[in-house]
$ cat target-v1.csv   # CSV, C-alpha atoms
chain,number,residue,atom,x,y,z
A,1,MET,CA,3.6,-10.9,7.2
A,2,ILE,CA,0.4,-9.3,6.1
A,3,ASP,CA,-1.4,-10.6,9.2
A,4,LYS,CA,1.3,-9.1,11.4
A,5,LEU,CA,0.9,-5.7,9.8
A,6,LEU,CA,-2.9,-5.8,10.1
A,7,LYS,CA,-2.5,-6.6,13.8
A,8,ALA,CA,-0.2,-3.5,14.1
A,9,ILE,CA,-3.0,-1.4,12.6
A,10,GLU,CA,-5.8,-3.0,14.7
A,11,LYS,CA,-3.9,-2.3,17.9
A,12,GLN,CA,-4.8,1.3,17.4
A,13,TYR,CA,-7.7,1.2,15.0
A,14,PRO,CA,-10.5,-1.4,15.0
A,15,LEU,CA,-10.9,-3.0,11.6
A,16,THR,CA,-14.3,-4.0,10.1
A,17,GLU,CA,-14.1,-6.0,6.9
A,18,VAL,CA,-16.0,-4.7,3.9
A,19,ASP,CA,-17.4,-7.1,1.3
A,20,ALA,CA,-15.1,-7.0,-1.8
A,21,GLY,CA,-17.7,-8.8,-3.9
A,22,ASP,CA,-16.5,-10.2,-7.2
A,23,TYR,CA,-13.0,-8.9,-6.4
A,24,LYS,CA,-12.3,-11.2,-3.6
A,25,ASN,CA,-10.6,-13.7,-5.9
A,26,LEU,CA,-9.2,-12.8,-9.3
A,27,LYS,CA,-6.9,-14.2,-11.9
A,28,ALA,CA,-4.6,-12.0,-13.9
A,29,ASN,CA,-1.3,-12.5,-15.9
A,30,GLY,CA,-0.8,-16.0,-14.5
A,31,MET,CA,-1.3,-14.9,-10.9
A,32,LYS,CA,-4.1,-15.7,-8.4
A,33,PHE,CA,-5.2,-12.6,-6.4
A,34,SER,CA,-7.0,-12.6,-3.0
A,35,ILE,CA,-8.3,-9.2,-2.0
A,36,GLN,CA,-9.9,-7.9,1.2
A,37,ALA,CA,-11.0,-4.4,2.3
A,38,TYR,CA,-11.6,-2.9,5.7
A,39,THR,CA,-12.7,0.3,7.4
A,40,ALA,CA,-10.3,1.3,10.2
A,41,GLU,CA,-12.3,3.3,12.8
A,42,GLY,CA,-10.7,6.7,13.3
A,43,LEU,CA,-8.1,6.1,10.5
A,44,GLY,CA,-9.8,5.4,7.1
A,45,TRP,CA,-9.7,2.7,4.5
A,46,VAL,CA,-7.4,-0.3,4.5
A,47,SER,CA,-7.1,-3.0,1.8
A,48,VAL,CA,-5.0,-6.1,1.4
A,49,MET,CA,-4.1,-8.0,-1.8
A,50,THR,CA,-2.1,-11.2,-1.8
A,51,ALA,CA,-1.0,-13.0,-5.0
A,52,SER,CA,0.9,-16.1,-6.1
A,53,GLY,CA,1.7,-17.7,-9.4
A,54,PHE,CA,4.2,-19.4,-11.7
A,55,PHE,CA,4.1,-22.6,-9.7
A,56,GLY,CA,4.7,-20.8,-6.4
A,57,LEU,CA,7.9,-19.1,-7.7
A,58,MET,CA,6.4,-15.6,-7.2
A,59,LYS,CA,4.5,-14.3,-4.3
A,60,MET,CA,3.3,-10.7,-3.7
A,61,ASP,CA,1.7,-8.9,-0.8
A,62,THR,CA,0.2,-5.4,-0.9
A,63,LEU,CA,-1.3,-3.4,1.9
A,64,ILE,CA,-2.8,0.0,1.3
A,65,ILE,CA,-3.9,2.6,3.9
A,66,ASN,CA,-5.9,5.6,2.7
A,67,PRO,CA,-6.3,7.8,5.8
A,68,ARG,CA,-9.6,9.6,5.5
A,69,ASP,CA,-10.1,10.6,9.1
A,70,VAL,CA,-6.6,11.8,10.1
A,71,ASP,CA,-4.2,14.0,8.1
A,72,MET,CA,-1.6,11.4,7.1
A,73,PRO,CA,-0.2,10.4,3.7
A,74,LEU,CA,-1.6,7.5,1.7
A,75,LEU,CA,0.5,4.4,2.3
A,76,SER,CA,1.3,1.5,0.0
A,77,TYR,CA,3.3,-1.5,1.1
A,78,ASP,CA,4.5,-4.1,-1.4
A,79,ARG,CA,6.5,-7.2,-0.7
A,80,VAL,CA,7.6,-9.4,-3.6
A,81,HIS,CA,9.3,-12.9,-3.4
A,82,ALA,CA,10.6,-14.0,-6.7
A,83,MET,CA,13.5,-15.9,-8.1
A,84,GLY,CA,15.2,-16.1,-4.7
A,85,ASN,CA,14.9,-12.4,-4.2
A,86,ASP,CA,12.9,-10.4,-1.6
A,87,THR,CA,11.8,-6.9,-2.4
A,88,LEU,CA,10.3,-4.5,0.3
A,89,ILE,CA,8.6,-1.3,-0.8
A,90,TYR,CA,6.9,1.3,1.3
A,91,GLU,CA,5.6,4.3,-0.6
A,92,LEU,CA,3.9,7.4,0.9
A,93,TYR,CA,2.0,9.8,-1.3
A,94,ASP,CA,1.1,13.3,-0.4
A,95,THR,CA,-2.7,13.3,0.2
A,96,MET,CA,-2.3,15.6,3.2
A,97,VAL,CA,-4.2,18.9,3.7
A,98,GLY,CA,-1.7,20.1,6.3
A,99,GLN,CA,1.8,19.3,7.6
A,100,PRO,CA,1.6,16.4,10.1
A,101,ASP,CA,4.7,15.3,12.0
A,102,LEU,CA,6.3,12.4,10.0
A,103,SER,CA,9.5,12.2,12.1
A,104,LEU,CA,8.6,8.7,13.3
A,105,LEU,CA,8.7,7.6,9.7
A,106,ASP,CA,12.0,9.3,9.1
A,107,LYS,CA,13.4,7.3,12.0
A,108,ALA,CA,11.8,4.0,10.8
A,109,LYS,CA,13.4,4.6,7.3
A,110,GLY,CA,16.7,5.5,8.9
A,111,ARG,CA,16.8,2.1,10.6
A,112,THR,CA,16.8,0.4,7.2
A,113,ASN,CA,19.9,2.3,6.0
A,114,LEU,CA,22.1,-0.9,6.1
A,115,LEU,CA,19.6,-2.9,4.0
A,116,PRO,CA,20.4,-2.8,0.2
A,117,ASP,CA,18.4,-0.2,-1.8
A,118,HIS,CA,16.4,-1.0,-4.9
A,119,ASP,CA,16.0,1.6,-7.7
A,120,LEU,CA,12.4,1.7,-8.8
A,121,GLY,CA,13.1,4.0,-11.8
A,122,LYS,CA,11.1,7.1,-12.8
A,123,HIS,CA,7.3,7.2,-12.6
A,124,TRP,CA,4.6,9.9,-13.2
A,125,TYR,CA,3.8,9.9,-9.4
A,126,ASP,CA,7.3,10.7,-8.2
A,127,GLU,CA,6.4,14.4,-7.6
A,128,ILE,CA,3.8,13.4,-4.9
A,129,LYS,CA,5.9,10.6,-3.4
A,130,LEU,CA,7.3,11.6,-0.1
A,131,PRO,CA,11.0,11.2,1.0
A,132,GLN,CA,10.0,8.9,3.8
A,133,SER,CA,9.3,6.2,1.2
A,134,LEU,CA,11.8,3.3,0.9
A,135,SER,CA,12.6,0.5,-1.5
A,136,LYS,CA,14.9,-2.4,-0.6
A,137,LYS,CA,15.9,-5.7,-2.3
A,138,CYS,CA,17.9,-8.6,-1.0
A,139,LYS,CA,18.3,-12.4,-1.2
A,140,LYS,CA,15.9,-14.6,0.6
A,141,VAL,CA,18.4,-15.2,3.4
A,142,GLN,CA,17.9,-11.6,4.6
A,143,SER,CA,14.1,-11.8,4.6
A,144,PRO,CA,13.9,-11.8,8.5
A,145,ALA,CA,15.5,-8.4,8.5
A,146,PHE,CA,13.0,-7.2,6.0
A,147,ASP,CA,10.2,-8.6,8.1
A,148,ASP,CA,11.5,-6.6,11.1
A,149,ALA,CA,11.8,-3.5,9.0
A,150,ALA,CA,8.3,-3.9,7.6
A,151,HIS,CA,6.7,-4.2,11.0
A,152,GLN,CA,8.7,-1.4,12.5
A,153,TYR,CA,7.7,0.9,9.7
A,154,MET,CA,4.0,0.1,10.0
A,155,THR,CA,4.1,0.6,13.7
A,156,ALA,CA,5.7,4.0,13.2
A,157,PHE,CA,3.0,4.9,10.7
A,158,VAL,CA,0.2,3.9,13.0
A,159,ASN,CA,1.8,5.8,16.0
A,160,ALA,CA,2.3,8.9,13.8
A,161,ALA,CA,-1.4,8.6,12.7
A,162,LYS,CA,-2.5,8.5,16.3
A,163,ALA,CA,-0.8,11.8,17.0
A,164,ALA,CA,-1.9,13.4,13.7
A,165,PRO,CA,-4.7,15.9,13.6
A,166,SER,CA,-8.2,14.8,12.5
A,167,CYS,CA,-9.5,16.2,9.3
A,168,GLU,CA,-12.6,16.4,7.1
A,169,ALA,CA,-13.1,13.4,4.9
A,170,GLU,CA,-13.9,15.2,1.6
A,171,PRO,CA,-10.6,17.1,1.2
A,172,LYS,CA,-8.7,13.9,1.9
A,173,ARG,CA,-10.8,11.9,-0.5
A,174,GLU,CA,-10.1,14.5,-3.3
A,175,LYS,CA,-6.4,14.3,-2.6
A,176,ALA,CA,-6.3,10.5,-2.7
A,177,SER,CA,-8.4,10.5,-5.9
A,178,VAL,CA,-5.7,12.5,-7.7
A,179,TYR,CA,-3.4,9.6,-7.1
A,180,VAL,CA,-5.9,6.9,-7.9
A,181,GLU,CA,-7.2,8.5,-11.0
A,182,GLY,CA,-3.6,9.1,-12.1
A,183,LEU,CA,-2.9,5.4,-11.7
A,184,LEU,CA,-5.9,4.6,-13.9
A,185,GLU,CA,-4.9,7.2,-16.5
A,186,HIS,CA,-1.1,6.8,-16.6
A,187,GLY,CA,-0.7,3.2,-15.3
A,188,GLY,CA,1.5,1.4,-12.9
A,189,PRO,CA,2.8,-2.1,-12.4
A,190,SER,CA,-0.3,-3.7,-11.0
A,191,THR,CA,-2.7,-1.3,-12.8
A,192,ASP,CA,-1.5,-2.4,-16.2
A,193,VAL,CA,-1.7,-6.1,-15.3
A,194,PHE,CA,-5.4,-5.7,-14.2
A,195,LYS,CA,-6.3,-3.5,-17.2
A,196,LYS,CA,-5.1,-6.2,-19.6
A,197,SER,CA,-6.8,-9.0,-17.7
A,198,ILE,CA,-10.2,-7.7,-16.5
A,199,GLY,CA,-10.5,-4.5,-18.6
A,200,GLU,CA,-10.4,-0.8,-17.8
A,201,GLU,CA,-13.9,-0.4,-16.4
A,202,LYS,CA,-13.6,-3.3,-13.9
A,203,THR,CA,-10.1,-2.2,-12.9
A,204,ALA,CA,-11.3,1.4,-12.2
A,205,ARG,CA,-14.1,0.0,-10.0
A,206,LEU,CA,-11.6,-2.2,-8.2
A,207,PHE,CA,-9.3,0.7,-7.5
A,208,ARG,CA,-12.0,3.2,-6.5
A,209,THR,CA,-14.3,1.0,-4.4
A,210,VAL,CA,-12.1,-1.8,-3.0
A,211,LEU,CA,-8.3,-1.0,-3.0
A,212,PHE,CA,-8.4,2.7,-2.2
A,213,GLY,CA,-12.0,3.4,-1.1
A,214,THR,CA,-12.1,6.8,-2.8
A,215,GLN,CA,-15.7,6.2,-4.1
A,216,VAL,CA,-17.5,4.5,-1.2
$ encode --input "target-v1.csv" --output "structure tokens"
Amino acid sequence: MIDKLLKAIEKQYPLTEVDAGDYKNLKANGMKFSIQAYTAEGLGWVSVMTASGFFGLMKMDTLIINPRDVDMPLLSYDRVHAMGNDTLIYELYDTMVGQPDLSLLDKAKGRTNLLPDHDLGKHWYDEIKLPQSLSKKCKKVQSPAFDDAAHQYMTAFVNAAKAAPSCEAEPKREKASVYVEGLLEHGGPSTDVFKKSIGEEKTARLFRTVLFGTQV
């Protein structure tokens, strides 16, 4: 699915891979992680993280878009296959300097209304998470519907980005840094896993220079 989402991005924005260095392959909490980062010409920073573990019983995909060239929110896609369940999460964070049109994302979310919702609970970043975010969970038999929803949502994001106004990179970097530094300070599901396994300093460098590109 990750390849399909990357292709949806690359249709509009050429991708150039950036060397992830020592972070290309990591082990943490019984999981093996593979990480890639890209610059998307005219859009910003894109990263991909895939993970598997526990004898193949758990697989996780993450895709992050930090738009630095257009005024769009930061996007985080997560897909988790575990214990016969499939979880699809799209989260959008307010890193915008203006008010771009997000109606395409409202429509994409609306098309998932019949899919079962998944409550993520309360988190410190909820105040900057946008209402176009979604979280769904189902049994493996419904995975094809989740695949379609994931691709449609990504296509909507890319199309919305194409119509969004361009912006200066520095204000966008500062906005994204608020979220990234908040993750490092307050924690999050993957943040906590990496901190315990590779330490706080290496985790901070991973987040700032590879996953989110806020300090490159």
$ atom_distance --input "target-v1.csv" --atom1 "CA of Gly84 (chain A)" --atom2 "CA of Cys138 (chain A)"
8.8 Å
$ closest_residue --input "target-v1.csv" --among "A:Lys129, A:Lys196, A:Lys59, A:Lys11" --to "Thr87 (chain A)" --atoms "only C-alpha atoms"
A:Lys59
$ atom_distance --input "target-v1.csv" --atom1 "CA of Glu10 (chain A)" --atom2 "CA of Ile128 (chain A)"
27.3 Å
$ residues_around --input "target-v1.csv" --residues "Thr16 (chain A)" --least-positions-apart "3" --cutoff "9 Å" --atoms "all atoms listed in the file" --output "MDAnalysis selection string"
chainID A and resid 37:41
$ write_last_selection --input "target-v1.csv" --atoms "C-alpha atoms" --output "compact mmCIF listing (two decimals), in the frame of the given file"
# COMPACT_ATOMS: atom_id res chain seq x y z
CA ALA A 37 -11.00 -4.40 2.30
CA TYR A 38 -11.60 -2.90 5.70
CA THR A 39 -12.70 0.30 7.40
CA ALA A 40 -10.30 1.30 10.20
CA GLU A 41 -12.30 3.30 12.80
$ closest_residue --input "target-v1.csv" --among "A:Ile35, A:Val193, A:Ala204, A:Ala163" --to "Gly21 (chain A)" --atoms "only C-alpha atoms"
A:Ile35
$ residues_around --input "target-v1.csv" --residues "region 48-51 of chain A" --least-positions-apart "2" --cutoff "10 Å" --atoms "all atoms listed in the file" --output "JSON, numbers by chain"
{"A": [2, 3, 6, 24, 25, 26, 27, 28, 30, 31, 32, 33, 34, 35, 36, 37, 38, 46, 53, 56, 58, 59, 60, 61, 62, 63, 64, 65, 76, 77, 78, 79, 80, 210, 211]}
$ closest_residue --input "target-v1.csv" --among "A:Ser177, A:Ser47, A:Gln215, A:Ser135" --to "Ala20 (chain A)" --atoms "only C-alpha atoms"
A:Ser47
$ closest_residue --input "target-v1.csv" --among "A:Pro171, A:Pro165, A:Gly110, A:Pro116" --to "Leu43 (chain A)" --atoms "only C-alpha atoms"
A:Pro165
$ residues_around --input "target-v1.csv" --residues "Phe146 (chain A)" --least-positions-apart "4" --cutoff "7 Å" --atoms "all atoms listed in the file" --output "list in words"
Leu88, Gln142 and Ala150 of chain A
$ closest_residue --input "target-v1.csv" --among "A:Leu134, A:Leu102, A:Leu75, A:Leu206" --to "Leu184 (chain A)" --atoms "all atoms listed in the file"
A:Leu206
$ closest_residue --input "target-v1.csv" --among "A:Ala176, A:Ala164, A:Val216, A:Met1" --to "Asn66 (chain A)" --atoms "only C-alpha atoms"
A:Ala176
$ atom_distance --input "target-v1.csv" --atom1 "CA of Leu92 (chain A)" --atom2 "CA of Ala8 (chain A)"
17.6 Å
$ residues_around --input "target-v1.csv" --residues "Asp119 (chain A)" --least-positions-apart "2" --cutoff "10 Å" --atoms "only C-alpha atoms" --output "list in words"
Asp117, Gly121, Lys122, Leu134, Ser135, Lys136 and Lys137 of chain A
$ write_last_selection --input "target-v1.csv" --atoms "C-alpha atoms" --output "mmCIF file, in the frame of the given file"
data_model
loop_
_atom_site.group_PDB
_atom_site.id
_atom_site.type_symbol
_atom_site.label_atom_id
_atom_site.label_comp_id
_atom_site.auth_asym_id
_atom_site.auth_seq_id
_atom_site.Cartn_x
_atom_site.Cartn_y
_atom_site.Cartn_z
ATOM 1 C CA ASP A 117 18.400 -0.200 -1.800
ATOM 2 C CA GLY A 121 13.100 4.000 -11.800
ATOM 3 C CA LYS A 122 11.100 7.100 -12.800
ATOM 4 C CA LEU A 134 11.800 3.300 0.900
ATOM 5 C CA SER A 135 12.600 0.500 -1.500
ATOM 6 C CA LYS A 136 14.900 -2.400 -0.600
ATOM 7 C CA LYS A 137 15.900 -5.700 -2.300
#
$ residues_around --input "target-v1.csv" --residues "Ser133 (chain A)" --least-positions-apart "6" --cutoff "8 Å" --atoms "only C-alpha atoms" --output "list in words"
Ile89, Tyr90, Glu91, Leu92 and Lys109 of chain A
$ build_atoms --input "target-v1.csv" --residues "region 168-180 of chain A" --atoms "N, CA and C atoms" --output "PDB file, in the coordinates of the input"
ATOM      1  N   GLU A 168     -11.377  16.695   7.850  1.00  0.00           N
ATOM      2  CA  GLU A 168     -12.600  16.400   7.100  1.00  0.00           C
ATOM      3  C   GLU A 168     -12.315  15.364   6.037  1.00  0.00           C
ATOM      4  N   ALA A 169     -13.273  14.485   5.824  1.00  0.00           N
ATOM      5  CA  ALA A 169     -13.100  13.400   4.900  1.00  0.00           C
ATOM      6  C   ALA A 169     -13.004  13.826   3.434  1.00  0.00           C
ATOM      7  N   GLU A 170     -13.807  14.809   3.041  1.00  0.00           N
ATOM      8  CA  GLU A 170     -13.900  15.200   1.600  1.00  0.00           C
ATOM      9  C   GLU A 170     -12.609  15.710   1.044  1.00  0.00           C
ATOM     10  N   PRO A 171     -11.922  16.657   1.708  1.00  0.00           N
ATOM     11  CA  PRO A 171     -10.600  17.100   1.200  1.00  0.00           C
ATOM     12  C   PRO A 171      -9.621  15.972   1.024  1.00  0.00           C
ATOM     13  N   LYS A 172      -9.645  15.047   1.990  1.00  0.00           N
ATOM     14  CA  LYS A 172      -8.700  13.900   1.900  1.00  0.00           C
ATOM     15  C   LYS A 172      -9.097  12.989   0.765  1.00  0.00           C
ATOM     16  N   ARG A 173     -10.402  12.790   0.567  1.00  0.00           N
ATOM     17  CA  ARG A 173     -10.800  11.900  -0.500  1.00  0.00           C
ATOM     18  C   ARG A 173     -10.386  12.531  -1.880  1.00  0.00           C
ATOM     19  N   GLU A 174     -10.526  13.843  -2.014  1.00  0.00           N
ATOM     20  CA  GLU A 174     -10.100  14.500  -3.300  1.00  0.00           C
ATOM     21  C   GLU A 174      -8.627  14.340  -3.514  1.00  0.00           C
ATOM     22  N   LYS A 175      -7.831  14.484  -2.452  1.00  0.00           N
ATOM     23  CA  LYS A 175      -6.400  14.300  -2.600  1.00  0.00           C
ATOM     24  C   LYS A 175      -6.014  12.903  -3.007  1.00  0.00           C
ATOM     25  N   ALA A 176      -6.629  11.931  -2.354  1.00  0.00           N
ATOM     26  CA  ALA A 176      -6.300  10.500  -2.700  1.00  0.00           C
ATOM     27  C   ALA A 176      -6.807  10.208  -4.100  1.00  0.00           C
ATOM     28  N   SER A 177      -7.908  10.813  -4.513  1.00  0.00           N
ATOM     29  CA  SER A 177      -8.400  10.500  -5.900  1.00  0.00           C
ATOM     30  C   SER A 177      -7.479  11.009  -6.940  1.00  0.00           C
ATOM     31  N   VAL A 178      -6.717  12.064  -6.672  1.00  0.00           N
ATOM     32  CA  VAL A 178      -5.700  12.500  -7.700  1.00  0.00           C
ATOM     33  C   VAL A 178      -4.748  11.409  -7.963  1.00  0.00           C
ATOM     34  N   TYR A 179      -4.298  10.721  -6.917  1.00  0.00           N
ATOM     35  CA  TYR A 179      -3.400   9.600  -7.100  1.00  0.00           C
ATOM     36  C   TYR A 179      -4.026   8.428  -7.790  1.00  0.00           C
ATOM     37  N   VAL A 180      -5.201   8.044  -7.318  1.00  0.00           N
ATOM     38  CA  VAL A 180      -5.900   6.900  -7.900  1.00  0.00           C
ATOM     39  C   VAL A 180      -6.263   7.088  -9.328  1.00  0.00           C
TER      40      VAL A 180
END
